[in-house]
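The structure file start01.csv is reproduced below (CSV, C-alpha atoms).
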```
chain,number,residue,atom,x,y,z
A,6,MET,CA,132.0,38.0,10.4
A,7,ASN,CA,132.1,37.7,6.6
A,8,GLU,CA,128.7,38.9,5.6
A,9,ASP,CA,129.2,38.1,1.9
A,10,TYR,CA,129.3,34.4,2.8
A,11,LEU,CA,125.9,34.7,4.5
A,12,TRP,CA,124.5,36.5,1.4
A,13,ASP,CA,125.8,34.4,-1.5
A,14,LYS,CA,128.4,32.1,0.1
A,15,SER,CA,131.3,34.0,-1.4
A,16,GLY,CA,134.4,34.7,0.5
A,17,GLU,CA,135.8,32.8,3.4
A,18,PRO,CA,133.3,31.1,5.6
A,19,ASP,CA,133.2,31.8,9.2
A,20,PRO,CA,134.1,28.7,11.3
A,21,GLU,CA,131.2,29.3,13.5
A,22,ILE,CA,128.8,29.4,10.5
A,23,GLU,CA,130.3,26.3,9.1
A,24,ARG,CA,129.8,24.4,12.3
A,25,LEU,CA,126.2,25.5,12.4
A,26,GLU,CA,125.6,24.4,8.8
A,27,GLN,CA,127.0,21.0,9.5
A,28,THR,CA,124.9,20.6,12.6
A,29,LEU,CA,121.7,21.7,11.1
A,30,GLY,CA,122.3,20.1,7.8
A,31,ARG,CA,121.3,16.7,9.2
A,32,LEU,CA,117.9,18.1,10.0
A,33,ARG,CA,117.2,19.4,6.6
A,34,TYR,CA,113.5,18.9,5.4
A,35,LYS,CA,113.4,16.4,2.6
A,36,ARG,CA,109.6,15.6,2.0
A,37,PRO,CA,107.4,17.8,-0.2
A,38,ALA,CA,105.3,20.3,1.6
A,39,GLU,CA,102.0,19.1,3.0
A,40,PRO,CA,98.8,20.8,1.8
A,41,LEU,CA,97.8,23.7,3.8
A,42,PRO,CA,95.2,22.5,6.4
A,43,LEU,CA,91.8,24.2,6.0
A,44,PRO,CA,90.6,26.4,8.8
A,45,ALA,CA,87.8,25.1,11.1
A,46,SER,CA,85.1,27.3,9.5
A,47,THR,CA,85.5,25.7,6.1
A,48,ARG,CA,85.1,22.2,7.5
A,49,TRP,CA,81.9,23.2,9.2
A,50,SER,CA,80.4,24.6,6.0
A,51,PHE,CA,81.2,21.3,4.3
A,52,LYS,CA,79.0,19.4,6.8
A,53,LEU,CA,76.3,22.0,6.4
A,54,ASN,CA,76.2,21.3,2.6
A,55,SER,CA,75.8,17.5,3.1
A,56,GLN,CA,72.5,17.8,5.1
A,57,PRO,CA,70.3,18.9,2.3
A,58,ALA,CA,71.7,16.2,0.1
A,59,LEU,CA,70.8,13.5,2.6
A,60,ALA,CA,67.3,15.0,3.1
A,61,ALA,CA,66.8,15.1,-0.7
A,62,ALA,CA,67.9,11.5,-1.0
A,63,ALA,CA,65.5,10.4,1.8
A,64,ALA,CA,62.6,12.3,0.2
A,65,LEU,CA,63.3,10.8,-3.2
A,66,LEU,CA,63.3,7.3,-1.7
A,67,LEU,CA,60.0,7.9,0.0
A,68,LEU,CA,58.5,9.2,-3.3
A,69,ILE,CA,59.7,6.2,-5.2
A,70,LEU,CA,58.2,3.9,-2.6
A,71,ALA,CA,54.9,5.8,-2.6
A,72,GLY,CA,54.8,5.8,-6.4
A,73,GLY,CA,55.4,2.0,-6.4
A,74,VAL,CA,52.5,1.4,-4.0
A,75,TRP,CA,50.2,3.7,-6.0
A,76,LEU,CA,51.1,2.0,-9.3
A,77,GLY,CA,50.4,-1.3,-7.8
A,78,LEU,CA,47.0,-0.2,-6.5
A,79,THR,CA,46.0,1.4,-9.8
A,80,ARG,CA,47.1,-1.6,-11.8
A,81,SER,CA,45.0,-4.0,-9.7
A,82,ASN,CA,42.0,-1.6,-9.8
A,83,SER,CA,42.2,-1.1,-13.6
A,84,SER,CA,42.4,-4.8,-14.2
A,85,GLU,CA,39.4,-5.5,-12.0
A,86,GLY,CA,37.4,-2.7,-13.5
A,87,ASN,CA,38.1,-3.5,-17.1
A,88,SER,CA,37.5,-7.3,-17.0
A,89,THR,CA,34.5,-8.0,-19.1
A,90,ILE,CA,33.1,-11.0,-20.9
A,91,THR,CA,31.6,-9.4,-24.0
A,92,SER,CA,34.7,-7.5,-25.2
A,93,GLY,CA,36.7,-8.8,-28.1
A,94,PRO,CA,40.1,-10.4,-27.8
A,95,THR,CA,42.9,-7.9,-27.4
A,96,PRO,CA,46.4,-8.2,-25.8
A,97,THR,CA,45.1,-5.9,-23.1
A,98,GLU,CA,42.3,-8.3,-22.3
A,99,ILE,CA,44.7,-11.2,-22.2
A,100,ARG,CA,46.8,-9.4,-19.7
A,101,GLU,CA,43.6,-8.5,-17.7
A,102,GLN,CA,42.6,-12.2,-17.6
A,103,GLN,CA,46.0,-13.2,-16.5
A,104,GLN,CA,45.7,-10.7,-13.7
A,105,ILE,CA,42.4,-12.3,-12.7
A,106,VAL,CA,44.0,-15.7,-12.8
A,107,SER,CA,46.8,-14.5,-10.5
A,108,ASP,CA,44.3,-13.1,-8.1
A,109,VAL,CA,42.1,-16.3,-8.1
A,110,ARG,CA,42.8,-18.7,-5.3
A,111,PRO,CA,41.4,-22.2,-5.0
A,112,SER,CA,39.1,-22.2,-2.0
A,113,VAL,CA,40.0,-25.7,-0.8
A,114,GLU,CA,42.3,-28.6,-1.6
A,115,PRO,CA,40.3,-31.0,-3.8
A,116,ASP,CA,41.1,-34.1,-1.7
A,117,SER,CA,39.5,-32.8,1.4
A,118,GLN,CA,36.4,-31.2,0.0
A,119,ILE,CA,33.1,-32.9,-0.4
A,120,GLU,CA,31.1,-31.5,-3.3
A,121,LYS,CA,27.4,-30.8,-3.1
A,122,ARG,CA,25.6,-31.4,-6.3
A,123,ALA,CA,22.6,-29.3,-7.2
A,124,SER,CA,19.6,-31.3,-8.1
A,125,GLN,CA,17.2,-29.6,-10.4
A,126,ASP,CA,14.3,-31.4,-8.8
A,127,GLU,CA,15.3,-30.4,-5.3
A,128,GLY,CA,16.6,-27.0,-6.2
A,129,LYS,CA,19.6,-27.0,-3.8
A,130,VAL,CA,22.6,-24.7,-4.1
A,131,VAL,CA,25.9,-26.0,-5.4
A,132,ALA,CA,28.9,-25.4,-3.1
A,133,ALA,CA,31.4,-25.8,-5.9
A,134,ALA,CA,34.9,-25.6,-4.5
A,135,VAL,CA,36.4,-28.6,-6.2
A,136,PRO,CA,35.7,-27.6,-9.8
A,137,TYR,CA,37.2,-24.3,-8.9
A,138,VAL,CA,40.7,-25.7,-8.8
A,139,GLY,CA,40.0,-27.4,-12.2
A,140,SER,CA,38.9,-24.0,-13.6
A,141,ARG,CA,42.2,-22.5,-12.5
A,142,ARG,CA,44.0,-25.2,-14.4
A,143,ASP,CA,41.8,-24.5,-17.4
A,144,LYS,CA,42.6,-20.9,-17.1
A,145,LEU,CA,46.3,-21.6,-17.0
A,146,SER,CA,46.2,-23.9,-20.0
A,147,GLY,CA,44.0,-21.3,-21.7
A,148,ARG,CA,46.7,-18.7,-21.0
A,149,SER,CA,49.5,-20.7,-22.4
A,150,THR,CA,47.4,-21.5,-25.5
A,151,GLY,CA,46.8,-17.8,-25.9
A,152,ALA,CA,50.5,-17.1,-25.6
A,153,ARG,CA,51.4,-19.7,-28.2
A,154,GLN,CA,48.8,-18.3,-30.5
A,155,GLU,CA,50.4,-14.9,-30.0
A,156,LEU,CA,53.8,-16.3,-30.9
A,157,THR,CA,52.5,-18.1,-34.0
A,158,GLY,CA,50.6,-15.0,-35.2
A,159,ARG,CA,47.1,-15.7,-33.8
A,160,ARG,CA,45.9,-18.6,-35.9
A,161,GLU,CA,42.5,-18.9,-34.1
A,162,PRO,CA,41.9,-15.8,-32.1
A,163,SER,CA,38.1,-16.2,-32.1
A,164,ARG,CA,38.2,-19.7,-30.7
A,165,SER,CA,40.6,-18.8,-27.8
A,166,SER,CA,38.6,-15.7,-27.0
A,167,ARG,CA,35.4,-17.7,-27.0
A,168,GLU,CA,36.9,-20.3,-24.8
A,169,ARG,CA,38.2,-17.5,-22.5
A,170,ARG,CA,34.8,-15.9,-22.3
A,171,GLU,CA,33.2,-19.2,-21.5
A,172,GLN,CA,35.7,-19.9,-18.8
A,173,ILE,CA,35.2,-16.5,-17.3
A,174,ALA,CA,31.4,-17.1,-17.4
A,175,ARG,CA,31.9,-20.5,-15.6
A,176,ASP,CA,34.2,-19.0,-13.0
A,177,GLY,CA,31.8,-16.1,-12.5
A,178,GLU,CA,28.8,-18.4,-12.0
A,179,LYS,CA,30.8,-20.5,-9.5
A,180,ALA,CA,32.0,-17.4,-7.6
A,181,LYS,CA,28.4,-16.2,-7.5
A,182,GLU,CA,27.2,-19.5,-6.1
A,183,GLN,CA,29.9,-19.5,-3.5
A,184,LEU,CA,29.1,-15.9,-2.5
A,185,ILE,CA,25.4,-16.7,-2.2
A,186,LEU,CA,26.2,-19.8,-0.1
A,187,ALA,CA,28.6,-17.8,2.2
A,188,LEU,CA,26.1,-15.0,2.8
A,189,HIS,CA,23.3,-17.5,3.4
A,190,ILE,CA,25.4,-19.3,6.0
A,191,THR,CA,26.3,-16.0,7.6
A,192,SER,CA,22.8,-14.8,7.6
A,193,GLU,CA,21.5,-18.0,9.1
A,194,LYS,CA,24.0,-17.8,12.0
A,195,LEU,CA,23.2,-14.2,12.7
A,196,ASN,CA,19.5,-15.0,12.6
A,197,ARG,CA,20.0,-17.7,15.2
A,198,VAL,CA,21.9,-15.3,17.5
A,199,GLN,CA,19.2,-12.7,17.1
A,200,LYS,CA,16.4,-15.3,17.9
A,201,LYS,CA,18.3,-16.6,20.9
A,202,ILE,CA,18.7,-13.0,22.2
A,203,GLN,CA,15.1,-12.3,21.7
A,204,THR,CA,14.1,-15.5,23.4
A,205,SER,CA,16.2,-14.7,26.4
A,206,GLN,CA,14.8,-11.2,26.6
A,207,GLU,CA,11.2,-12.5,26.4
A,208,ARG,CA,11.9,-14.9,29.3
A,209,GLY,CA,13.3,-12.0,31.3
A,210,PRO,CA,15.8,-12.1,34.2
A,211,VAL,CA,15.7,-15.3,36.3
B,16,MET,CA,72.4,23.6,17.8
B,17,LYS,CA,70.1,24.6,14.9
B,18,LEU,CA,71.5,21.9,12.7
B,19,VAL,CA,71.0,19.3,15.3
B,20,MET,CA,67.4,20.3,15.7
B,21,ILE,CA,66.8,20.2,11.9
B,22,LYS,CA,68.4,16.7,11.7
B,23,SER,CA,66.4,15.4,14.6
B,24,LEU,CA,63.1,16.8,13.1
B,25,LYS,CA,63.8,14.9,9.9
B,26,VAL,CA,64.4,11.7,11.7
B,27,VAL,CA,61.2,12.1,13.7
B,28,SER,CA,59.1,12.9,10.7
B,29,LEU,CA,60.5,9.9,8.9
B,30,LEU,CA,59.8,7.7,11.9
B,31,PHE,CA,56.2,9.1,12.0
B,32,ILE,CA,55.6,8.3,8.4
B,33,ILE,CA,56.9,4.8,8.8
B,34,THR,CA,54.8,4.3,11.9
B,35,VAL,CA,51.6,5.5,10.2
B,36,THR,CA,52.2,3.3,7.2
B,37,ALA,CA,52.9,0.3,9.4
B,38,SER,CA,49.8,0.9,11.5
B,39,LEU,CA,47.5,1.2,8.4
B,40,THR,CA,49.0,-2.0,6.9
B,41,THR,CA,48.5,-3.8,10.2
B,42,GLN,CA,44.9,-2.7,10.6
B,43,ALA,CA,44.1,-3.9,7.1
B,44,GLN,CA,45.7,-7.2,7.9
B,45,THR,CA,43.8,-7.6,11.3
B,46,VAL,CA,40.4,-7.3,9.7
B,47,ARG,CA,41.0,-10.4,7.7
B,48,LEU,CA,41.5,-13.4,10.1
B,49,GLN,CA,44.0,-16.2,9.5
B,50,LEU,CA,41.8,-19.3,9.3
B,51,SER,CA,44.4,-21.7,7.9
B,52,ASP,CA,44.8,-23.4,11.2
B,53,LEU,CA,41.3,-24.8,10.8
B,54,ASP,CA,42.2,-26.7,7.7
B,55,LYS,CA,43.3,-29.6,9.8
B,56,LEU,CA,39.6,-30.2,10.7
B,57,GLU,CA,38.7,-31.1,7.1
B,58,SER,CA,40.2,-34.5,7.5
B,59,ARG,CA,37.9,-35.2,10.5
B,60,ALA,CA,34.8,-33.6,9.1
B,61,ALA,CA,32.1,-35.5,7.3
B,62,GLU,CA,31.2,-32.4,5.3
B,63,SER,CA,32.9,-29.1,5.0
B,64,VAL,CA,32.4,-25.9,3.2
B,65,ASN,CA,35.3,-23.5,2.4
B,66,VAL,CA,34.6,-20.2,0.7
B,67,THR,CA,37.4,-17.7,0.0
B,68,LEU,CA,36.3,-14.7,-2.0
B,69,ASP,CA,38.2,-11.5,-2.2
B,70,GLY,CA,39.5,-8.9,-4.6
B,71,ALA,CA,38.8,-9.6,-8.2
B,72,LEU,CA,36.9,-12.8,-7.5
B,73,LEU,CA,34.4,-11.0,-5.3
B,74,GLU,CA,33.9,-8.3,-7.9
B,75,LEU,CA,33.5,-11.0,-10.6
B,76,ALA,CA,30.8,-12.7,-8.4
B,77,GLY,CA,29.1,-9.4,-8.0
B,78,LYS,CA,29.0,-8.8,-11.7
B,79,PHE,CA,27.2,-12.1,-12.2
B,80,LEU,CA,24.4,-11.3,-9.8
B,81,ASN,CA,21.2,-10.5,-11.6
B,82,SER,CA,19.7,-7.2,-10.6
B,83,LYS,CA,16.3,-8.2,-11.9
B,84,LYS,CA,16.0,-11.0,-9.3
B,85,PRO,CA,15.1,-9.5,-5.9
B,86,GLU,CA,17.3,-12.0,-3.9
B,87,GLU,CA,20.4,-11.4,-6.0
B,88,ALA,CA,19.7,-7.7,-6.2
B,89,ALA,CA,19.8,-7.7,-2.4
B,90,ILE,CA,23.1,-9.5,-2.3
B,91,LYS,CA,24.5,-7.2,-5.0
B,92,GLU,CA,23.6,-4.3,-2.7
B,93,LEU,CA,25.3,-6.0,0.2
B,94,VAL,CA,28.4,-6.8,-1.7
B,95,LEU,CA,29.1,-3.3,-2.8
B,96,GLY,CA,31.3,-2.4,0.2
B,97,LEU,CA,32.8,-5.8,0.7
B,98,LYS,CA,36.4,-6.6,0.3
B,99,GLY,CA,36.5,-10.3,1.3
B,100,VAL,CA,34.3,-13.1,2.4
B,101,TYR,CA,35.8,-16.1,4.1
B,102,VAL,CA,33.7,-19.0,5.4
B,103,LYS,CA,34.7,-22.3,6.9
B,104,VAL,CA,32.1,-24.8,8.0
B,105,PHE,CA,32.7,-28.3,9.3
B,106,LYS,CA,30.1,-30.9,10.0
B,107,PHE,CA,31.1,-33.9,12.0
B,108,ASP,CA,29.5,-37.3,12.5
B,109,LYS,CA,30.0,-37.4,16.2
B,110,GLU,CA,30.7,-35.0,19.0
B,111,GLY,CA,34.1,-34.2,20.3
B,112,GLU,CA,35.8,-34.1,16.9
B,113,TYR,CA,37.1,-30.7,17.6
B,114,SER,CA,38.2,-28.9,20.7
B,115,VAL,CA,38.3,-25.4,22.1
B,116,ALA,CA,42.0,-25.3,21.3
B,117,ASP,CA,41.2,-25.6,17.6
B,118,ILE,CA,39.3,-22.4,17.7
B,119,GLU,CA,41.7,-20.6,20.1
B,120,THR,CA,43.9,-19.4,17.2
B,121,VAL,CA,40.9,-17.5,15.8
B,122,ARG,CA,39.8,-16.2,19.2
B,123,THR,CA,43.3,-14.9,19.9
B,124,GLN,CA,43.1,-12.8,16.8
B,125,LEU,CA,39.7,-11.5,17.8
B,126,ARG,CA,41.1,-10.4,21.2
B,127,ALA,CA,42.9,-7.6,19.4
B,128,PRO,CA,41.8,-4.1,20.5
B,129,ALA,CA,40.3,-3.4,17.0
B,130,TRP,CA,37.7,-6.2,17.5
B,131,ALA,CA,34.7,-5.9,19.8
B,132,ARG,CA,32.6,-8.8,20.9
B,133,MET,CA,29.1,-7.7,20.1
B,134,PHE,CA,27.0,-10.8,20.9
B,135,GLY,CA,27.6,-14.0,22.7
B,136,VAL,CA,25.1,-16.7,23.2
B,137,LYS,CA,26.0,-19.9,25.1
B,138,THR,CA,23.4,-22.7,25.5
B,139,LYS,CA,24.5,-25.4,27.9
B,140,LYS,CA,21.6,-27.6,27.0
B,141,GLU,CA,22.3,-27.7,23.3
B,142,GLY,CA,26.0,-27.3,23.9
B,143,GLU,CA,26.4,-24.4,21.4
B,144,ASN,CA,28.3,-21.2,21.6
B,145,LEU,CA,27.6,-18.4,19.2
B,146,GLU,CA,29.8,-15.3,19.1
B,147,VAL,CA,29.7,-12.3,16.9
B,148,TYR,CA,32.6,-9.8,16.7
B,149,MET,CA,32.7,-6.6,14.8
B,150,MET,CA,35.5,-4.2,13.9
B,151,MET,CA,34.1,-0.7,13.6
B,152,THR,CA,35.5,2.8,12.9
B,153,GLY,CA,33.0,5.2,14.3
B,154,SER,CA,29.6,4.0,13.2
B,155,GLN,CA,31.0,2.2,10.1
B,156,VAL,CA,31.5,-1.6,10.2
B,157,ASN,CA,34.8,-2.6,8.8
B,158,GLY,CA,34.6,-6.3,9.4
B,159,ILE,CA,32.5,-9.1,11.0
B,160,ALA,CA,33.5,-12.3,12.5
B,161,VAL,CA,31.2,-15.1,13.6
B,162,ILE,CA,32.1,-18.2,15.5
B,163,ALA,CA,29.3,-20.8,15.8
B,164,ALA,CA,30.5,-23.8,17.8
B,165,GLU,CA,28.1,-26.7,18.1
B,166,PRO,CA,28.7,-30.2,19.2
B,167,LYS,CA,28.7,-31.6,15.7
B,168,GLN,CA,29.3,-28.5,13.7
B,169,LEU,CA,31.8,-25.6,13.6
B,170,ALA,CA,31.4,-22.5,11.5
B,171,VAL,CA,33.8,-19.6,11.3
B,172,ILE,CA,32.9,-16.7,9.2
B,173,ASN,CA,34.9,-13.6,8.4
B,174,ILE,CA,33.6,-10.7,6.3
B,175,VAL,CA,35.9,-7.9,5.5
B,176,GLY,CA,34.5,-4.5,4.4
B,177,SER,CA,31.6,-2.4,5.2
B,178,ILE,CA,28.3,-4.3,5.4
B,179,ASP,CA,24.8,-3.7,6.6
B,180,LEU,CA,24.1,-6.2,9.3
B,181,GLU,CA,20.3,-5.7,9.2
B,182,LYS,CA,20.2,-6.4,5.5
B,183,LEU,CA,22.5,-9.4,6.0
B,184,ILE,CA,20.2,-10.9,8.7
B,185,LYS,CA,17.2,-10.3,6.5
B,186,LEU,CA,18.8,-12.3,3.7
B,187,SER,CA,18.0,-15.5,5.5
B,188,GLY,CA,14.9,-17.0,4.1
B,189,ARG,CA,14.8,-14.8,1.0
B,190,PHE,CA,16.6,-17.1,-1.4
B,191,GLY,CA,13.5,-19.1,-2.2
B,192,ILE,CA,15.5,-22.3,-1.9
B,193,PRO,CA,15.3,-25.1,0.7
B,194,SER,CA,17.8,-24.8,3.5
B,195,ILE,CA,21.1,-26.4,2.7
B,196,GLU,CA,22.4,-29.6,4.3
B,197,ILE,CA,24.9,-27.6,6.4
B,198,THR,CA,22.3,-26.4,8.8
B,199,THR,CA,22.4,-27.8,12.3
B,200,ASP,CA,20.4,-30.8,13.4
B,201,ASN,CA,19.4,-29.1,16.7
B,202,LYS,CA,15.8,-28.1,17.0
B,203,GLU,CA,15.0,-24.5,17.3
B,204,PRO,CA,13.6,-23.5,20.7
B,205,LYS,CA,9.9,-22.9,20.7
B,206,GLU,CA,9.1,-19.2,21.0
```
Could you render the structure as structure tokens?
Amino acid sequence: MNEDYLWDKSGEPDPEIERLEQTLGRLRYKRPAEPLPLPASTRWSFKLNSQPALAAAAALLLLILAGGVWLGLTRSNSSEGNSTITSGPTPTEIREQQQIVSDVRPSVEPDSQIEKRASQDEGKVVAAAVPYVGSRRDKLSGRSTGARQELTGRREPSRSSRERREQIARDGEKAKEQLILALHITSEKLNRVQKKIQTSQERGPV
Amino acid sequence: MKLVMIKSLKVVSLLFIITVTASLTTQAQTVRLQLSDLDKLESRAAESVNVTLDGALLELAGKFLNSKKPEEAAIKELVLGLKGVYVKVFKFDKEGEYSVADIETVRTQLRAPAWARMFGVKTKKEGENLEVYMMMTGSQVNGIAVIAAEPKQLAVINIVGSIDLEKLIKLSGRFGIPSIEITTDNKEPKE
């Protein structure tokens, strides 16, 4: 065998070698080499690294949710606590009143409600549910007026703030009357239950 | 194995937090009863009273109570722990204008485990049924519900928040004003 041919293809080729080259030449590798596959231990450590990331993402999401709930609660509490009648007009007060307006709900639909008028002579309580809806409309119109005044540079701030204060006073009085009425009704019903129980106890078992 | 345990612990803790949050939210919602189904009775009622006071409105009402007047001072003291007051009263011209089914939606809500039926007075002669339910946590009252069903009158009351029942009962007769028209026509039994 000519060993030079095997080394640098010089000299006469061996017929056997030539035959082998032709046979195996068809199976020559043409694609680029694939990347070396990572061993199993490296893949496992990659999964381990993803766990803390998921846990951190979940914790962050929970924190954001809790923060949102807390902010919502503190905003509603601050608006309730700061709402006053005597304070002067400020953008903060306008926002607070808007908050009160958004929390106010009309107690009944005006069509189905029968209004009870208070007579000064008789001294009866007013169950004012119908005017309450009107007051809400007044509040809304007052809010838009206030907004327009803000846009135009507050032409009449004292008048709008006075109107607002008057509106708050009216709403407060109506709410107070409704509260007194509601508690009076509740007290009366509980009183009747108490009396009936006492009566049945006095009669004793049959 | 260790990683599987850590992963499962995280899932369990997350589920626990969600469950606790959901249960707290649910409890807050069950104290307040849904009375909107009773609104259909307004069209049949000769007179009706509908009071809905909660949140800022309740606080506003409390601010307008005069501490110098003894009656209003008593109410102001009562209102301190309240979160909502919901009252619906319907007075009808004749009997049979409402049925037991109309109140059933309210009673279904009061069958929840959180509510306890404290008093129930049924008078066949007068045809009235008075029920008082309370939601309590330990010794603290978290909510009260009253259903007063009479032949010509129906009253459903829901008070959310902590309230002193004894003081509330004593309020009756302290206002110094004549009784309102909403009171029943039935005579009180002689004692």
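In this structure, CA of Leu68 (chain B) sits 6.3 Å away from CA of Tyr101 (chain B).
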Using only C-alpha atoms, which chain B residues lie at most 7 Å away from chain A, written as a ChimeraX atom specification? /B:57-58,62-63,65-67,71-72,75-77,79-80,102,136,145,172,183-184,186-187,192-193,195,206
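The coordinates place CA of Tyr10 (chain A) at 27.9 Å from CA of Ala38 (chain A).
Using only C-alpha atoms, the protein and nucleic acid residues lying at most 9 Å from the point (35.0, -4.0, -1.4) are Asp69, Gly70, Leu73, Glu74, Val94, Leu95, Gly96, Leu97, Lys98, Gly99, Val175, Gly176 and Ser177 of chain B.
Here CA of Pro85 (chain B) is placed at a distance of 28.3 Å from CA of Ala163 (chain B).
When only C-alpha atoms are used to measure the gap to Lys185 (chain B), the shortest distance among B:Gln155, B:Leu93, B:Asp117, B:Leu24 belongs to B:Leu93.
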Residues near Asn157 (chain B), cut-off 12 Å, only C-alpha atoms, skip fewer than 5 positions along chain, as a count of residues only: 26
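Polymer residues near (30.4, -30.2, 7.5): counting all atoms listed in the file with a cut-off of 7 Å, they are Ala60, Ala61, Glu62, Ser63, Val64, Val104, Phe105, Lys106, Phe107, Gln168 and Ile197 of chain B.
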